[in-house]
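Encoded as structure tokens, the structure appears first; notes follow it.
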Amino acid sequence: MSPELSPGLPAWSVVVPTIGRPSLRALLDTLVAQPFGSVLPAPEAVVVCDDRPLTDTSPLDVEGVALPLRVVRVGGRGPAAGRNAGWRHTATPWVLFLDDDVLLPAGWGEAFAADLAAADAEPDVAATQGRLRVPLPTDRPPTDWERSTAGLEGARWATADMAYRRAALDAVDGFDERFPRAYREDADIALRVRAGGWRLRTGDRVTTHPVRPADDRVSVRVQAGARDDALMRALHGPRWRDLAETGRGRFPWHVATVATAAAGAGALLARRPRAAAAAGTVWLGLTADFARRRIAPGPRPGHDGWRDEWVRMTWTSVVLPFAAVRHRVAGTLARRAGAPAWRPPVRAVLLDRDGTLVHDVPYNGDPAQVRPVEGARELLDTLRAAGIRVGLVSNQSGIGRGLLTRAQVDAVNARLAELVGPFDTVHVCPHTADDGCTCRKPGPGMVLAAARELGLAPWECAVVGDIGADVGAALAAGARPVLVPTPVTRAEEVTAAPEVAPDLRAALALLLPDVLGSPADALAARDPAGPPHDPAQDAHRPAHRAAHDAAHQPAHDPAVGTGTEAAA
């Protein structure tokens, strides 16, 4: 590998969704061990997307990793949501997605540099995929689970090691978060990217994917992926398997097995013993054949663990067809009306309070000082009339600092509701940055709780705020953020925000042009004689800045972030 390759390579970042597996640290250690600086520039950011439930506050094993690493809490919403939160917290033209259970062997860095250079040189190449190698035991035939994992070696567009061009991710709005499992979300984005005129290519780098430990029910549990097959069909039509270049599996045989079992049960209820016996015989034959096909390639008598494997294959072969059909039927019923293209439209707007809906008075506990920004009532009433839900999500660290009481904050919010109309949901975080909560923005807790209370998915919500913490909370939760800068908004926060609007009207028009007209119309409607924010507040800008800094240190940069902020 030529050492001159590095200077011409594009900047890149790494995104790793994780559910806290111990293998995460092993992956990060192998990433650190790559020859950065010689043939490959180090990643500008490594974003670990913690997809454990927010109730799990135990720390991930990421301390001491010698890379610019940050942790983003995602809230247990699946790898598609984790990957989206990750790449949207980066700013590089290429984003490498790695699973938390792979390892990067010696030579991977040099090969990745060559793959990245080749892909970047062709503007229509959206992604470059690594080649997965699954180590299998050499002293015995592999188990059913080991063979299933080994199938990843031939998988198309697996994001276990997949580098995507940022422009392609932007073009399709990232991964479809309606896929909650690591099953079809990678095939879906590959189809959407290719439909947009991009090409995907397989690189020469090799990534090790060990077989992770699994319990006896794993083969039954993964049948939940049949629900994702129903979503794929709704999105891409009946030929989606051909388009995605994926195998067809054994589902028709599972249907036959379940049908004969149902026929036998029905015959018994109808007191037709001969028909029941015939159907039962067919069911037994299908089940026995399924078990035989799973047992035959695996361990034989004399191999370690063969007896446990045979027992496991026998009972799961009985249960598995019913699980697969149940999940497919449930998925088909859920998608019987079809599925809109990703990303579905905004159905709720969650607004920050201070600096966004009201002129900011630091640590305000006096309802008399509540002064909504210009046009707030009219705008929110327009949303309500169109069926758009309206919510309030507000950091109020003054409670945790002892500067305010919760009753004072509630009184201020009640006065705001009198002035701008009722809110469908109100969420307040009373904590300081040192409390380590998951509700305080830029954490996703309040946004996820608001979406849940409204009965909506997070991706159906938008967040409008005036600082980077509002943007970070939206990105982590999967909502769409719009930043409306004020005099206290940092320049780097404006630069890093995906979408920026000059005032509340323009922000809402950006999110809901069908309701409020285009953003250009909103700008034209502004009063040129009056600024979007109260000029009387200019005298208080130093106080605002101090309150902003105290409430949001360390500085929040959605593109980079800090380890301290992630812990908060």
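Naming scheme: A, B, ... for chains in displayed order of the structure tokens; residues 1 onward per chain; ligands 1 onward as shown.
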Inset, instruction - Name all residues at most 7 Å from segment 185-194 of chain A (count only C-alpha atoms; drop same-chain ones fewer than 6 positions away) and give them as a count of residues only. - result: 10
Inset, instruction - Tell me which protein, DNA and RNA residues are within 12 Å of Thr90 of chain A, counting only C-alpha atoms, leaving out same-chain ones fewer than 2 positions away, and put them as a ChimeraX atom specification. - result: /A:11-15,43-48,68-70,72,83-88,92-96,166,472,475,496-498,557-561
Inset, instruction - List the neighbours of Arg201 of chain A out to 9 Å using only C-alpha atoms; skip same-chain residues closer than 3 positions along the sequence, and give me the result as a PyMOL selection string. - result: chain A and resi 119+125-129+157
Could you write those residues out with all heavy atoms, as a CSV table (one decimal), in the first residue's frame?
chain,number,residue,atom,x,y,z
A,119,ALA,N,-14.0,4.3,-4.0
A,119,ALA,CA,-15.5,4.7,-4.0
A,119,ALA,C,-15.6,6.2,-4.2
A,119,ALA,O,-16.5,6.7,-4.9
A,119,ALA,CB,-16.1,4.2,-2.7
A,125,VAL,N,-21.0,6.4,-6.8
A,125,VAL,CA,-20.9,5.2,-5.9
A,125,VAL,C,-21.4,5.8,-4.5
A,125,VAL,O,-20.8,6.7,-3.9
A,125,VAL,CB,-19.5,4.7,-5.8
A,125,VAL,CG1,-19.4,3.7,-4.6
A,125,VAL,CG2,-19.1,4.0,-7.1
A,126,ALA,N,-22.4,5.1,-4.0
A,126,ALA,CA,-23.0,5.6,-2.7
A,126,ALA,C,-22.3,4.9,-1.5
A,126,ALA,O,-22.3,5.5,-0.4
A,126,ALA,CB,-24.5,5.3,-2.7
A,127,ALA,N,-21.8,3.7,-1.7
A,127,ALA,CA,-21.3,3.0,-0.5
A,127,ALA,C,-20.3,1.9,-1.0
A,127,ALA,O,-20.3,1.4,-2.1
A,127,ALA,CB,-22.5,2.3,0.2
A,128,THR,N,-19.5,1.5,0.0
A,128,THR,CA,-18.6,0.4,-0.2
A,128,THR,C,-18.7,-0.5,1.0
A,128,THR,O,-18.6,-0.1,2.1
A,128,THR,CB,-17.1,0.9,-0.4
A,128,THR,OG1,-16.2,-0.2,-0.3
A,128,THR,CG2,-16.7,1.9,0.7
A,129,GLN,N,-18.9,-1.8,0.7
A,129,GLN,CA,-19.2,-2.8,1.7
A,129,GLN,C,-17.9,-3.7,1.9
A,129,GLN,O,-17.2,-4.0,1.0
A,129,GLN,CB,-20.3,-3.7,1.2
A,129,GLN,CG,-20.6,-4.8,2.2
A,129,GLN,CD,-21.7,-5.8,1.6
A,129,GLN,OE1,-22.1,-5.6,0.4
A,129,GLN,NE2,-22.2,-6.7,2.4
A,157,TRP,N,-25.1,-6.0,1.0
A,157,TRP,CA,-25.3,-4.7,1.6
A,157,TRP,C,-25.5,-4.8,3.1
A,157,TRP,O,-26.2,-3.9,3.7
A,157,TRP,CB,-26.5,-4.0,1.0
A,157,TRP,CG,-26.7,-4.3,-0.5
A,157,TRP,CD1,-27.8,-4.7,-1.1
A,157,TRP,CD2,-25.6,-4.3,-1.5
A,157,TRP,NE1,-27.5,-4.9,-2.4
A,157,TRP,CE2,-26.2,-4.7,-2.7
A,157,TRP,CE3,-24.3,-3.9,-1.5
A,157,TRP,CZ2,-25.5,-4.7,-3.9
A,157,TRP,CZ3,-23.6,-4.0,-2.7
A,157,TRP,CH2,-24.2,-4.4,-3.9
Inset, instruction - Go ahead and compute the interatomic distance for atom CA of Arg274 of chain A and atom CA of Ala323 of chain A, in Å to one decimal. - result: 27.4 Å
Inset, instruction - Check the smallest atom-to-atom distance from each of A:Leu483, A:Leu508, A:Val206, A:Ala473 to Ala348 of chain A using only C-alpha atoms, then report the winner. - result: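 With only C-alpha atoms as the atom set, the closest residue is A:Leu508.
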Inset, instruction - Write out as a list of chain:residue names the residues lying within 9 Å of Ile295 of chain A, counting only C-alpha atoms and excluding same-chain residues fewer than 4 positions away. - result: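 With the cut-off at 9 Å, the set is A:Thr143, A:Asp144, A:Phe290, A:Ala291, A:Pro299, A:Arg300, A:Glu309, A:Trp310, A:Met313, A:Thr314.
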Legend entry - Which of A:Ala106, A:Trp459, A:Leu54, A:Arg294 sits closest to Arg147 of chain A [using only C-alpha atoms]: A:Arg294
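When only C-alpha atoms are used to compute distances to Ala469 of chain A, the closest of the residues A:Asp352, A:Asp514, A:Asp101, A:Asp161 turns out to be A:Asp352.
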Run DSSP on the backbone of this structure and report the residues of segment 23-185 of chain A it assigns to strand (DSSP E), as a PDB file with C-alpha atoms, in the first residue's frame.
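See out28.pdb below for the written result:
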ATOM      1  CA  VAL A  46     -16.502   7.850  16.448  1.00  0.00           C
ATOM      2  CA  VAL A  47     -20.156   7.920  17.517  1.00  0.00           C
ATOM      3  CA  VAL A  48     -21.310   5.023  19.681  1.00  0.00           C
ATOM      4  CA  CYS A  49     -25.115   4.935  19.634  1.00  0.00           C
ATOM      5  CA  ASP A  50     -26.253   3.423  22.920  1.00  0.00           C
ATOM      6  CA  LEU A  69     -15.425   9.221  20.695  1.00  0.00           C
ATOM      7  CA  ARG A  70     -18.835  10.265  21.950  1.00  0.00           C
ATOM      8  CA  VAL A  71     -21.842   8.296  23.171  1.00  0.00           C
ATOM      9  CA  VAL A  72     -25.375   9.168  22.053  1.00  0.00           C
ATOM     10  CA  ARG A  73     -28.348   7.621  23.840  1.00  0.00           C
ATOM     11  CA  TRP A  94     -18.214   9.497   4.378  1.00  0.00           C
ATOM     12  CA  VAL A  95     -19.656   7.544   7.307  1.00  0.00           C
ATOM     13  CA  LEU A  96     -18.526   4.012   8.141  1.00  0.00           C
ATOM     14  CA  PHE A  97     -21.119   1.867   9.906  1.00  0.00           C
ATOM     15  CA  LEU A  98     -19.764  -0.977  12.018  1.00  0.00           C
ATOM     16  CA  VAL A 125     -20.922   5.245  -5.872  1.00  0.00           C
ATOM     17  CA  ALA A 126     -22.998   5.583  -2.710  1.00  0.00           C
ATOM     18  CA  ALA A 127     -21.329   2.967  -0.541  1.00  0.00           C
ATOM     19  CA  THR A 128     -18.559   0.429  -0.205  1.00  0.00           C
ATOM     20  CA  GLN A 129     -19.159  -2.803   1.667  1.00  0.00           C
ATOM     21  CA  GLY A 130     -16.605  -4.890   3.529  1.00  0.00           C
ATOM     22  CA  ARG A 131     -16.341  -8.634   3.056  1.00  0.00           C
ATOM     23  CA  LEU A 132     -17.409 -10.490   6.185  1.00  0.00           C
ATOM     24  CA  ARG A 133     -15.614 -13.591   7.411  1.00  0.00           C
ATOM     25  CA  ASP A 161     -19.092  -2.973   7.746  1.00  0.00           C
ATOM     26  CA  MET A 162     -20.527  -0.515   5.245  1.00  0.00           C
ATOM     27  CA  ALA A 163     -19.271   2.975   4.432  1.00  0.00           C
ATOM     28  CA  TYR A 164     -21.890   5.319   2.971  1.00  0.00           C
ATOM     29  CA  ARG A 165     -21.391   8.612   1.193  1.00  0.00           C
TER      30      ARG A 165
END
Inset, instruction - as a VMD selection string, list the residues of segment 236-365 of chain A assigned to helix (DSSP H, G or I) by DSSP on the backbone atoms of this structure. - result: chain A and resid 236 240 to 244 251 to 269 273 to 295 306 to 334
Inset, instruction - Kindly indicate which residue among A:Thr149, A:Thr332, A:Thr257, A:Thr18 lies nearest to Ala214 of chain A, using only C-alpha atoms for the distances. - result: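 Closest candidate: A:Thr149.
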Legend entry - Between atom CA of Thr438 of chain A and atom CA of Tyr183 of chain A, distance in Å (one decimal):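 Rounded to one decimal, the two atoms are 27.7 Å apart.
Among A:Arg353, A:Arg440, A:His431, A:Arg336, the residue with the shortest atom-to-atom distance to Leu235 of chain A, counting only C-alpha atoms, is A:Arg336.
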Legend entry - Selected residue, from A:Cys439, A:Ala414, A:Val515, A:Leu350, that lies nearest to Asn395 of chain A when counting only C-alpha atoms: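 Ranking A:Cys439, A:Ala414, A:Val515, A:Leu350 by distance to Asn395 of chain A, first place goes to A:Cys439.
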Using only C-alpha atoms, which protein or nucleic acid residues come within 9 Å of segment 399-403 of chain A? Drop anything in the same chain fewer than 4 positions from it, and give the result as a JSON list (two decimals) with C-alpha atoms, in the first residue's frame.
[["chain", "number", "residue", "atom", "x", "y", "z"],
["A", 363, "TYR", "CA", -34.42, 31.17, 35.20],
["A", 365, "GLY", "CA", -40.27, 31.86, 37.76],
["A", 409, "VAL", "CA", -42.04, 26.51, 36.38],
["A", 429, "CYS", "CA", -36.43, 18.29, 32.78],
["A", 430, "PRO", "CA", -35.55, 19.65, 36.25],
["A", 431, "HIS", "CA", -32.02, 18.22, 36.30],
["A", 432, "THR", "CA", -28.59, 19.76, 35.96],
["A", 435, "ASP", "CA", -27.33, 14.60, 37.42]]
Inset, instruction - State, in Å with one decimal place, the distance from atom CA of Ser317 of chain A to atom CA of Ser219 of chain A. - result: 9.2 Å
